[in-house]
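Okay, my_file-v7.txt is below, compact mmCIF, N, CA and C atoms:
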```txt
# COMPACT_ATOMS: atom_id res chain seq x y z
N MET A 1 -31.91 0.25 11.55
CA MET A 1 -30.72 -0.50 11.21
C MET A 1 -30.31 -1.29 12.45
N SER A 2 -30.12 -2.58 12.28
CA SER A 2 -29.75 -3.41 13.42
C SER A 2 -28.25 -3.36 13.65
N ARG A 3 -27.87 -3.77 14.82
CA ARG A 3 -26.45 -3.78 15.19
C ARG A 3 -25.67 -4.73 14.29
N ARG A 4 -26.29 -5.84 13.93
CA ARG A 4 -25.63 -6.81 13.06
C ARG A 4 -25.38 -6.23 11.68
N ASP A 5 -26.33 -5.49 11.13
CA ASP A 5 -26.15 -4.86 9.81
C ASP A 5 -25.03 -3.83 9.84
N ARG A 6 -24.97 -3.05 10.91
CA ARG A 6 -23.92 -2.05 11.03
C ARG A 6 -22.54 -2.70 11.12
N THR A 7 -22.42 -3.75 11.94
CA THR A 7 -21.15 -4.46 12.08
C THR A 7 -20.73 -5.10 10.76
N LEU A 8 -21.68 -5.70 10.06
CA LEU A 8 -21.39 -6.31 8.77
C LEU A 8 -20.92 -5.26 7.76
N GLY A 9 -21.54 -4.10 7.75
CA GLY A 9 -21.14 -3.03 6.86
C GLY A 9 -19.74 -2.53 7.14
N ILE A 10 -19.40 -2.39 8.42
CA ILE A 10 -18.06 -1.94 8.80
C ILE A 10 -17.02 -2.97 8.39
N VAL A 11 -17.28 -4.23 8.67
CA VAL A 11 -16.32 -5.29 8.33
C VAL A 11 -16.13 -5.38 6.82
N LEU A 12 -17.21 -5.35 6.06
CA LEU A 12 -17.09 -5.40 4.60
C LEU A 12 -16.38 -4.17 4.04
N GLY A 13 -16.61 -3.01 4.64
CA GLY A 13 -15.91 -1.80 4.21
C GLY A 13 -14.42 -1.88 4.46
N LEU A 14 -14.04 -2.41 5.62
CA LEU A 14 -12.62 -2.57 5.92
C LEU A 14 -11.96 -3.56 4.97
N ILE A 15 -12.63 -4.67 4.69
CA ILE A 15 -12.09 -5.66 3.77
C ILE A 15 -11.93 -5.07 2.37
N ALA A 16 -12.93 -4.33 1.91
CA ALA A 16 -12.85 -3.71 0.59
C ALA A 16 -11.73 -2.67 0.53
N GLY A 17 -11.56 -1.90 1.58
CA GLY A 17 -10.49 -0.90 1.61
C GLY A 17 -9.11 -1.53 1.59
N ILE A 18 -8.92 -2.56 2.39
CA ILE A 18 -7.63 -3.25 2.43
C ILE A 18 -7.35 -3.90 1.07
N ALA A 19 -8.36 -4.49 0.45
CA ALA A 19 -8.19 -5.10 -0.87
C ALA A 19 -7.81 -4.06 -1.92
N ALA A 20 -8.45 -2.89 -1.87
CA ALA A 20 -8.14 -1.84 -2.85
C ALA A 20 -6.71 -1.35 -2.71
N VAL A 21 -6.26 -1.14 -1.48
CA VAL A 21 -4.88 -0.68 -1.26
C VAL A 21 -3.89 -1.75 -1.70
N THR A 22 -4.17 -3.01 -1.36
CA THR A 22 -3.28 -4.10 -1.75
C THR A 22 -3.18 -4.23 -3.26
N LEU A 23 -4.31 -4.16 -3.94
CA LEU A 23 -4.28 -4.26 -5.40
C LEU A 23 -3.52 -3.10 -6.03
N PHE A 24 -3.68 -1.90 -5.49
CA PHE A 24 -2.94 -0.77 -6.03
C PHE A 24 -1.44 -0.94 -5.82
N VAL A 25 -1.06 -1.36 -4.64
CA VAL A 25 0.37 -1.50 -4.34
C VAL A 25 1.01 -2.56 -5.22
N LEU A 26 0.33 -3.68 -5.41
CA LEU A 26 0.92 -4.78 -6.16
C LEU A 26 0.78 -4.64 -7.67
N TYR A 27 -0.30 -4.01 -8.14
CA TYR A 27 -0.54 -3.96 -9.59
C TYR A 27 -0.56 -2.55 -10.17
N GLY A 28 -0.75 -1.53 -9.36
CA GLY A 28 -0.87 -0.18 -9.88
C GLY A 28 0.37 0.66 -9.73
N SER A 29 1.41 0.11 -9.11
CA SER A 29 2.60 0.93 -8.85
C SER A 29 3.81 0.43 -9.63
N HIS A 30 3.59 -0.17 -10.80
CA HIS A 30 4.71 -0.71 -11.59
C HIS A 30 5.62 0.39 -12.13
N ASP A 31 5.12 1.59 -12.29
CA ASP A 31 5.93 2.66 -12.86
C ASP A 31 6.69 3.45 -11.80
N SER A 32 6.51 3.13 -10.55
CA SER A 32 7.20 3.87 -9.50
C SER A 32 8.62 3.33 -9.31
N ILE A 33 9.46 4.10 -8.65
CA ILE A 33 10.86 3.73 -8.47
C ILE A 33 10.99 2.48 -7.61
N ASP A 34 10.22 2.40 -6.55
CA ASP A 34 10.33 1.27 -5.62
C ASP A 34 9.06 0.43 -5.67
N ALA A 35 8.72 -0.05 -6.85
CA ALA A 35 7.50 -0.82 -7.04
C ALA A 35 7.54 -2.10 -6.23
N ALA A 36 6.42 -2.45 -5.62
CA ALA A 36 6.32 -3.68 -4.84
C ALA A 36 6.26 -4.87 -5.79
N SER A 37 6.76 -6.01 -5.34
CA SER A 37 6.78 -7.19 -6.17
C SER A 37 6.65 -8.42 -5.31
N LEU A 38 6.01 -9.44 -5.86
CA LEU A 38 5.92 -10.72 -5.18
C LEU A 38 6.91 -11.72 -5.75
N GLU A 39 7.68 -11.33 -6.77
CA GLU A 39 8.62 -12.23 -7.41
C GLU A 39 9.82 -12.46 -6.50
N LYS A 40 10.41 -13.65 -6.61
CA LYS A 40 11.63 -13.94 -5.83
C LYS A 40 12.77 -13.10 -6.39
N GLY A 41 13.57 -12.57 -5.50
CA GLY A 41 14.72 -11.80 -5.92
C GLY A 41 14.37 -10.42 -6.45
N GLY A 42 13.13 -10.06 -6.42
CA GLY A 42 12.73 -8.75 -6.91
C GLY A 42 13.14 -7.67 -5.94
N GLY A 43 13.74 -6.66 -6.44
CA GLY A 43 14.14 -5.55 -5.58
C GLY A 43 15.43 -5.86 -4.85
N GLY A 44 15.41 -5.75 -3.56
CA GLY A 44 16.60 -5.98 -2.77
C GLY A 44 17.49 -4.76 -2.69
N ARG A 45 17.12 -3.71 -3.37
CA ARG A 45 17.92 -2.49 -3.37
C ARG A 45 17.14 -1.41 -2.65
N ALA A 46 17.77 -0.85 -1.65
CA ALA A 46 17.10 0.21 -0.88
C ALA A 46 17.29 1.55 -1.58
N ALA A 47 16.32 2.40 -1.42
CA ALA A 47 16.41 3.75 -1.98
C ALA A 47 17.44 4.56 -1.19
N ALA A 48 18.11 5.46 -1.88
CA ALA A 48 19.10 6.31 -1.22
C ALA A 48 18.40 7.26 -0.26
N PRO A 49 18.99 7.50 0.91
CA PRO A 49 18.36 8.42 1.85
C PRO A 49 18.39 9.85 1.33
N LEU A 50 17.40 10.61 1.72
CA LEU A 50 17.35 12.01 1.33
C LEU A 50 18.41 12.80 2.07
N GLN A 51 19.03 13.74 1.37
CA GLN A 51 20.04 14.57 2.00
C GLN A 51 19.45 15.93 2.29
N ARG A 52 19.71 16.42 3.48
CA ARG A 52 19.21 17.74 3.85
C ARG A 52 20.33 18.77 3.66
N HIS A 53 19.97 19.88 3.08
CA HIS A 53 20.93 20.94 2.87
C HIS A 53 20.81 21.96 4.01
N ARG A 54 21.94 22.35 4.53
CA ARG A 54 21.94 23.36 5.59
C ARG A 54 22.21 24.73 4.97
N ASP A 55 21.36 25.67 5.27
CA ASP A 55 21.56 27.05 4.81
C ASP A 55 22.18 27.83 5.95
N ARG A 56 23.36 28.37 5.71
CA ARG A 56 24.02 29.18 6.74
C ARG A 56 24.40 30.51 6.19
```
Is it possible to express this structure as structure tokens?
Amino acid sequence: MSRRDRTLGIVLGLIAGIAAVTLFVLYGSHDSIDAASLEKGGGGRAAAPLQRHRDR
């Protein structure tokens, strides 16, 4: 295996991984509470912070 083949494989793997994550975030997370959107005015509402309970 040449150095060029290895570099090409790594670069293509990184591109495929980034594309898969991006597609999931934009198209596969519509049912989640804070779904990502590319629409104007979409969202704008932050999720409420988690509250920690103290046990004493």
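The space between atom N of Ala20 in chain A and atom C of Arg3 in chain A spans 23.7 Å.
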(request) Figure out the distance between CA of Ser29 in chain A and atom C of Leu12 in chain A, please, to one decimal in Å. (result)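 Computed distance, atom C of Leu12 in chain A to CA of Ser29 in chain A, equals 23.5 Å.
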(request) Find the distance between atom N of Gly28 in chain A and atom C of Thr7 in chain A and write it in Å to one decimal. (result)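 According to the coordinates, atom N of Gly28 in chain A and atom C of Thr7 in chain A are separated by 28.6 Å.
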